[in-house]
file start_14.cif (mmCIF, C-alpha atoms)
data_my_file
#
loop_
_atom_site.label_atom_id
_atom_site.label_comp_id
_atom_site.auth_asym_id
_atom_site.auth_seq_id
_atom_site.Cartn_x
_atom_site.Cartn_y
_atom_site.Cartn_z
CA MET P 95 -16.90 -2.14 12.44
CA THR P 96 -16.26 -1.35 8.78
CA THR P 97 -12.60 -0.98 7.91
CA HIS P 98 -11.80 1.50 5.18
CA ASP P 99 -9.43 0.83 2.31
CA LEU P 100 -6.38 2.71 3.58
CA ALA P 101 -3.91 1.62 0.90
CA PRO P 102 -1.04 2.28 0.69
CA PHE P 103 -1.22 2.63 4.49
CA LEU P 104 -1.44 -0.55 6.52
CA LEU P 105 -3.58 -0.70 9.68
CA GLU P 106 -2.73 -3.77 11.76
CA ASP P 107 -3.49 -5.35 15.09
CA ILE P 108 -0.17 -6.09 16.76
CA GLU P 109 0.77 -8.51 19.54
CA PHE P 110 2.34 -5.93 21.84
CA ASP P 111 1.06 -2.79 23.52
CA PRO P 112 -0.50 -0.53 22.51
CA GLY P 113 -2.22 -3.04 20.22
CA HIS P 114 -2.60 -1.37 16.80
CA SER P 115 -0.33 0.24 14.23
CA LEU P 116 -0.66 2.39 11.13
CA ARG P 117 2.34 2.17 8.81
CA LEU P 118 3.62 3.30 5.44
CA THR P 119 6.84 1.96 3.95
CA ASP P 120 6.82 2.97 0.28
CA TRP P 121 6.12 6.45 -1.02
CA ARG P 122 8.52 6.59 -3.96
CA GLU P 123 5.80 7.75 -6.35
CA LEU P 124 5.33 10.92 -4.28
CA MET P 125 9.02 11.79 -3.86
CA PRO P 126 8.96 14.44 -6.61
CA VAL P 127 6.07 16.23 -4.88
CA ILE P 128 7.64 15.94 -1.43
CA GLN P 129 11.07 17.09 -2.54
CA ALA P 130 9.63 19.96 -4.61
CA ALA P 131 8.16 21.19 -1.32
CA GLY P 132 11.63 21.14 0.24
CA ARG P 133 11.14 18.08 2.41
CA GLU P 134 13.44 15.09 2.73
CA GLY P 135 10.72 12.57 1.96
CA ASN P 136 11.32 10.04 4.71
CA GLY P 137 9.33 8.49 7.54
CA TYR P 138 9.85 11.62 9.62
CA THR P 139 8.27 13.69 6.86
CA TRP P 140 5.19 11.48 7.04
CA GLU P 141 5.21 11.73 10.83
CA GLY P 142 5.11 15.51 10.49
CA ILE P 143 2.21 15.20 8.06
CA ALA P 144 0.40 12.93 10.54
CA ARG P 145 0.97 15.33 13.43
CA LEU P 146 -0.32 18.20 11.34
CA LEU P 147 -3.45 16.30 10.27
CA VAL P 148 -4.12 15.29 13.87
CA ALA P 149 -3.72 18.89 15.07
CA ARG P 150 -6.11 20.15 12.40
CA HIS P 151 -8.69 17.37 12.26
CA LEU P 152 -8.35 15.07 15.31
CA PRO P 153 -6.97 17.24 18.12
CA ASP P 154 -8.56 15.12 20.84
CA ALA P 155 -6.68 12.07 19.54
CA ALA P 156 -3.16 13.50 19.85
CA ASP P 157 -2.55 12.07 23.30
CA ARG P 158 -3.68 8.60 22.19
CA LEU P 159 -0.99 8.25 19.50
CA GLU P 160 2.59 7.03 19.82
CA HIS P 161 4.79 8.01 16.88
CA ASP P 162 7.79 5.80 16.12
CA SER P 163 8.87 6.59 12.57
CA GLU P 164 12.27 5.94 11.05
CA SER P 165 13.87 7.20 7.88
CA GLY P 166 12.41 4.36 5.80
CA MET P 167 9.08 3.89 7.57
CA PHE P 168 6.21 5.95 8.93
CA ALA P 169 4.71 4.30 12.02
CA VAL P 170 2.19 5.37 14.62
CA TYR P 171 0.68 3.18 17.36
CA SER P 172 -2.40 3.38 19.53
CA SER P 173 -4.61 1.30 21.78
CA ASN P 174 -7.54 2.87 19.93
CA ARG P 175 -7.97 1.33 16.48
CA GLU P 176 -10.69 3.82 15.50
CA VAL P 177 -8.33 6.76 16.07
CA LEU P 178 -5.71 5.14 13.83
CA GLU P 179 -8.32 4.41 11.19
CA ALA P 180 -9.52 8.03 11.23
CA LEU P 181 -5.92 9.21 10.81
CA GLY P 182 -5.39 6.59 8.10
CA VAL P 183 -8.34 7.92 6.11
CA LEU P 184 -6.96 11.48 6.29
CA MET P 185 -3.47 10.34 5.28
CA ARG P 186 -4.75 8.06 2.51
CA ASP P 187 -6.77 10.89 1.01
CA LEU P 188 -3.76 13.20 1.08
CA TYR P 189 -1.50 10.50 -0.39
CA ARG P 190 -3.94 9.95 -3.23
CA SER P 191 -4.01 13.68 -4.02
CA PRO P 192 -0.44 14.74 -4.81
CA GLU P 193 -1.57 18.30 -5.53
CA GLN P 194 -3.13 18.64 -2.05
CA LEU P 195 -0.06 17.04 -0.49
CA GLY P 196 2.17 19.62 -2.18
CA ILE P 197 -0.07 22.45 -1.02
CA LEU P 198 -0.03 21.16 2.54
CA LEU P 199 3.73 20.72 2.62
CA THR P 200 4.43 24.21 1.30
CA SER P 201 1.88 25.89 3.57
CA VAL P 202 3.55 24.79 6.81
CA ASP P 203 6.53 26.35 8.54
CA PRO P 204 9.50 24.18 7.49
CA ASP P 205 10.62 23.95 11.13
CA PHE P 206 7.45 22.00 11.90
CA PHE P 207 9.05 18.94 10.29
CA ASP P 208 11.89 16.97 11.84
CA ASP P 209 13.13 15.33 8.67
#
call {"tool": "encode", "arguments": {"input": "start_14.cif", "output": "structure tokens"}}
result
Amino acid sequence: MTTHDLAPFLLEDIEFDPGHSLRLTDWRELMPVIQAAGREGNGYTWEGIARLLVARHLPDAADRLEHDSESGMFAVYSSNREVLEALGVLMRDLYRSPEQLGILLTSVDPDFFDD
């Protein structure tokens, strides 16, 4: 299996169930974009972004993901590494395109986010 460059996201195999994690711990460079869209800019913001991307692009994967974000960290777990990698590619691409991130954040009902 080819693993994509997901930076700044980190895809890891972990020693406990469910076996794999996708995390992000530093998004300071995007805070102006996130806050301009009226979001807090914390791990829960990124969890909302992940849930939205899954709903739009990977709907069959939603029940295979376990979200466990905190204010300072986005984290999602799964027993299916390929699902996490697919989500990681979507999130990486959005992270690397601040303009698209801003568009996404302002196009969604603010109540969708729990930040």
call {"tool": "closest_residue", "arguments": {"input": "start_14.cif", "among": "P:Ala131, P:Ala144, P:Ala155, P:Ile108", "to": "P:Tyr189", "atoms": "only C-alpha atoms"}}
result
P:Ala144
call {"tool": "residues_around", "arguments": {"input": "start_14.cif", "residues": "P:Ser163", "least_positions_apart": "6", "cutoff": "9 Å", "atoms": "only C-alpha atoms", "output": "NGL selection string"}}
result
:P and (117 or 136-138 or 140-141 or 169-170)
call {"tool": "residues_around", "arguments": {"input": "start_14.cif", "residues": "stretch 121-130 of chain P", "least_positions_apart": "2", "cutoff": "8 Å", "atoms": "all atoms listed in the file", "output": "list of chain:residue names"}}
result
P:Leu118, P:Thr119, P:Gly132, P:Arg133, P:Glu134, P:Gly135, P:Tyr189, P:Pro192, P:Glu193, P:Leu195, P:Gly196, P:Leu199
call {"tool": "write_last_selection", "arguments": {"input": "start_14.cif", "atoms": "C-alpha atoms", "output": "PDB file, keeping the file's coordinate frame"}}
result
ATOM      1  CA  LEU P 118       3.620   3.300   5.440  1.00  0.00           C
ATOM      2  CA  THR P 119       6.840   1.960   3.950  1.00  0.00           C
ATOM      3  CA  GLY P 132      11.630  21.140   0.240  1.00  0.00           C
ATOM      4  CA  ARG P 133      11.140  18.080   2.410  1.00  0.00           C
ATOM      5  CA  GLU P 134      13.440  15.090   2.730  1.00  0.00           C
ATOM      6  CA  GLY P 135      10.720  12.570   1.960  1.00  0.00           C
ATOM      7  CA  TYR P 189      -1.500  10.500  -0.390  1.00  0.00           C
ATOM      8  CA  PRO P 192      -0.440  14.740  -4.810  1.00  0.00           C
ATOM      9  CA  GLU P 193      -1.570  18.300  -5.530  1.00  0.00           C
ATOM     10  CA  LEU P 195      -0.060  17.040  -0.490  1.00  0.00           C
ATOM     11  CA  GLY P 196       2.170  19.620  -2.180  1.00  0.00           C
ATOM     12  CA  LEU P 199       3.730  20.720   2.620  1.00  0.00           C
TER      13      LEU P 199
END
call {"tool": "residues_around", "arguments": {"input": "start_14.cif", "residues": "stretch 149-153 of chain P", "least_positions_apart": "6", "cutoff": "12 Å", "atoms": "all atoms listed in the file", "output": "ChimeraX atom specification"}}
result
/P:142-143,159,176-185,198
call {"tool": "closest_residue", "arguments": {"input": "start_14.cif", "among": "P:Leu146, P:Leu188, P:Asp157, P:Glu106", "to": "P:Asp203", "atoms": "all atoms listed in the file"}}
result
P:Leu146
call {"tool": "residues_around", "arguments": {"input": "start_14.cif", "residues": "P:Pro112", "least_positions_apart": "6", "cutoff": "7 Å", "atoms": "all atoms listed in the file", "output": "VMD selection string"}}
result
chain P and resid 171 to 173
call {"tool": "closest_residue", "arguments": {"input": "start_14.cif", "among": "P:Leu116, P:Ile197, P:Val202, P:Met167", "to": "P:Ala101", "atoms": "all atoms listed in the file"}}
result
P:Leu116
call {"tool": "atom_distance", "arguments": {"input": "start_14.cif", "atom1": "atom CA of P:Asp111", "atom2": "atom CA of P:Thr139"}}
result
24.5 Å
call {"tool": "atom_distance", "arguments": {"input": "start_14.cif", "atom1": "atom CA of P:Val148", "atom2": "atom CA of P:His161"}}
result
11.9 Å
call {"tool": "decode", "arguments": {"input": "start_14.cif", "residues": "stretch 114-192 of chain P", "atoms": "C-alpha atoms", "output": "mmCIF file, in the first residue's frame"}}
result
data_model
loop_
_atom_site.group_PDB
_atom_site.id
_atom_site.type_symbol
_atom_site.label_atom_id
_atom_site.label_comp_id
_atom_site.auth_asym_id
_atom_site.auth_seq_id
_atom_site.Cartn_x
_atom_site.Cartn_y
_atom_site.Cartn_z
ATOM 1 C CA HIS P 114 -5.017 3.563 13.636
ATOM 2 C CA SER P 115 -5.245 7.298 14.228
ATOM 3 C CA LEU P 116 -5.255 10.480 12.180
ATOM 4 C CA ARG P 117 -4.213 13.558 14.146
ATOM 5 C CA LEU P 118 -3.460 17.243 13.787
ATOM 6 C CA THR P 119 -1.986 19.291 16.622
ATOM 7 C CA ASP P 120 -0.787 22.551 15.070
ATOM 8 C CA TRP P 121 -2.838 24.765 12.788
ATOM 9 C CA ARG P 122 -1.664 28.199 13.906
ATOM 10 C CA GLU P 123 -0.920 29.290 10.347
ATOM 11 C CA LEU P 124 -4.608 28.871 9.448
ATOM 12 C CA MET P 125 -6.065 30.629 12.503
ATOM 13 C CA PRO P 126 -6.724 33.888 10.619
ATOM 14 C CA VAL P 127 -8.750 32.008 7.981
ATOM 15 C CA ILE P 128 -10.630 29.946 10.557
ATOM 16 C CA GLN P 129 -11.440 32.890 12.802
ATOM 17 C CA ALA P 130 -12.462 35.081 9.846
ATOM 18 C CA ALA P 131 -15.081 32.409 9.154
ATOM 19 C CA GLY P 132 -16.385 32.778 12.712
ATOM 20 C CA ARG P 133 -14.997 29.533 14.076
ATOM 21 C CA GLU P 134 -13.023 29.036 17.279
ATOM 22 C CA GLY P 135 -10.155 27.275 15.559
ATOM 23 C CA ASN P 136 -9.673 24.321 17.874
ATOM 24 C CA GLY P 137 -9.685 20.535 17.594
ATOM 25 C CA TYR P 138 -13.477 20.541 17.580
ATOM 26 C CA THR P 139 -13.442 22.855 14.570
ATOM 27 C CA TRP P 140 -11.294 20.324 12.727
ATOM 28 C CA GLU P 141 -13.586 17.523 13.858
ATOM 29 C CA GLY P 142 -16.501 19.393 12.295
ATOM 30 C CA ILE P 143 -14.501 19.793 9.094
ATOM 31 C CA ALA P 144 -13.750 16.060 9.111
ATOM 32 C CA ARG P 145 -17.395 15.145 9.669
ATOM 33 C CA LEU P 146 -18.427 17.422 6.830
ATOM 34 C CA LEU P 147 -15.841 15.973 4.439
ATOM 35 C CA VAL P 148 -16.898 12.443 5.358
ATOM 36 C CA ALA P 149 -20.579 13.281 4.794
ATOM 37 C CA ARG P 150 -19.810 14.792 1.396
ATOM 38 C CA HIS P 151 -17.091 12.490 0.090
ATOM 39 C CA LEU P 152 -16.926 9.287 2.187
ATOM 40 C CA PRO P 153 -20.454 8.700 3.510
ATOM 41 C CA ASP P 154 -19.991 4.941 3.749
ATOM 42 C CA ALA P 155 -17.026 5.474 6.081
ATOM 43 C CA ALA P 156 -18.858 7.487 8.743
ATOM 44 C CA ASP P 157 -19.669 4.473 10.899
ATOM 45 C CA ARG P 158 -16.043 3.288 10.813
ATOM 46 C CA LEU P 159 -14.649 6.451 12.438
ATOM 47 C CA GLU P 160 -14.320 7.314 16.122
ATOM 48 C CA HIS P 161 -13.809 11.025 16.760
ATOM 49 C CA ASP P 162 -11.985 12.025 19.938
ATOM 50 C CA SER P 163 -10.827 15.609 19.476
ATOM 51 C CA GLU P 164 -9.928 18.056 22.203
ATOM 52 C CA SER P 165 -9.435 21.800 22.146
ATOM 53 C CA GLY P 166 -5.754 21.479 21.231
ATOM 54 C CA MET P 167 -5.877 18.378 19.040
ATOM 55 C CA PHE P 168 -7.930 16.907 16.219
ATOM 56 C CA ALA P 169 -8.066 13.108 16.476
ATOM 57 C CA VAL P 170 -10.027 10.408 14.709
ATOM 58 C CA TYR P 171 -9.528 6.649 15.052
ATOM 59 C CA SER P 172 -10.466 3.637 12.971
ATOM 60 C CA SER P 173 -9.684 -0.029 12.503
ATOM 61 C CA ASN P 174 -9.552 0.733 8.777
ATOM 62 C CA ARG P 175 -6.321 2.522 7.860
ATOM 63 C CA GLU P 176 -7.449 3.113 4.262
ATOM 64 C CA VAL P 177 -10.505 5.056 5.447
ATOM 65 C CA LEU P 178 -8.307 7.275 7.622
ATOM 66 C CA GLU P 179 -5.889 7.791 4.755
ATOM 67 C CA ALA P 180 -8.720 8.799 2.405
ATOM 68 C CA LEU P 181 -9.956 11.298 5.005
ATOM 69 C CA GLY P 182 -6.388 12.480 5.555
ATOM 70 C CA VAL P 183 -5.974 13.243 1.847
ATOM 71 C CA LEU P 184 -9.190 15.305 1.833
ATOM 72 C CA MET P 185 -8.180 17.184 4.986
ATOM 73 C CA ARG P 186 -4.603 17.731 3.808
ATOM 74 C CA ASP P 187 -5.820 19.200 0.529
ATOM 75 C CA LEU P 188 -8.176 21.548 2.357
ATOM 76 C CA TYR P 189 -5.457 22.542 4.846
ATOM 77 C CA ARG P 190 -3.098 23.364 2.000
ATOM 78 C CA SER P 191 -5.724 25.576 0.345
ATOM 79 C CA PRO P 192 -6.663 28.297 2.837
#
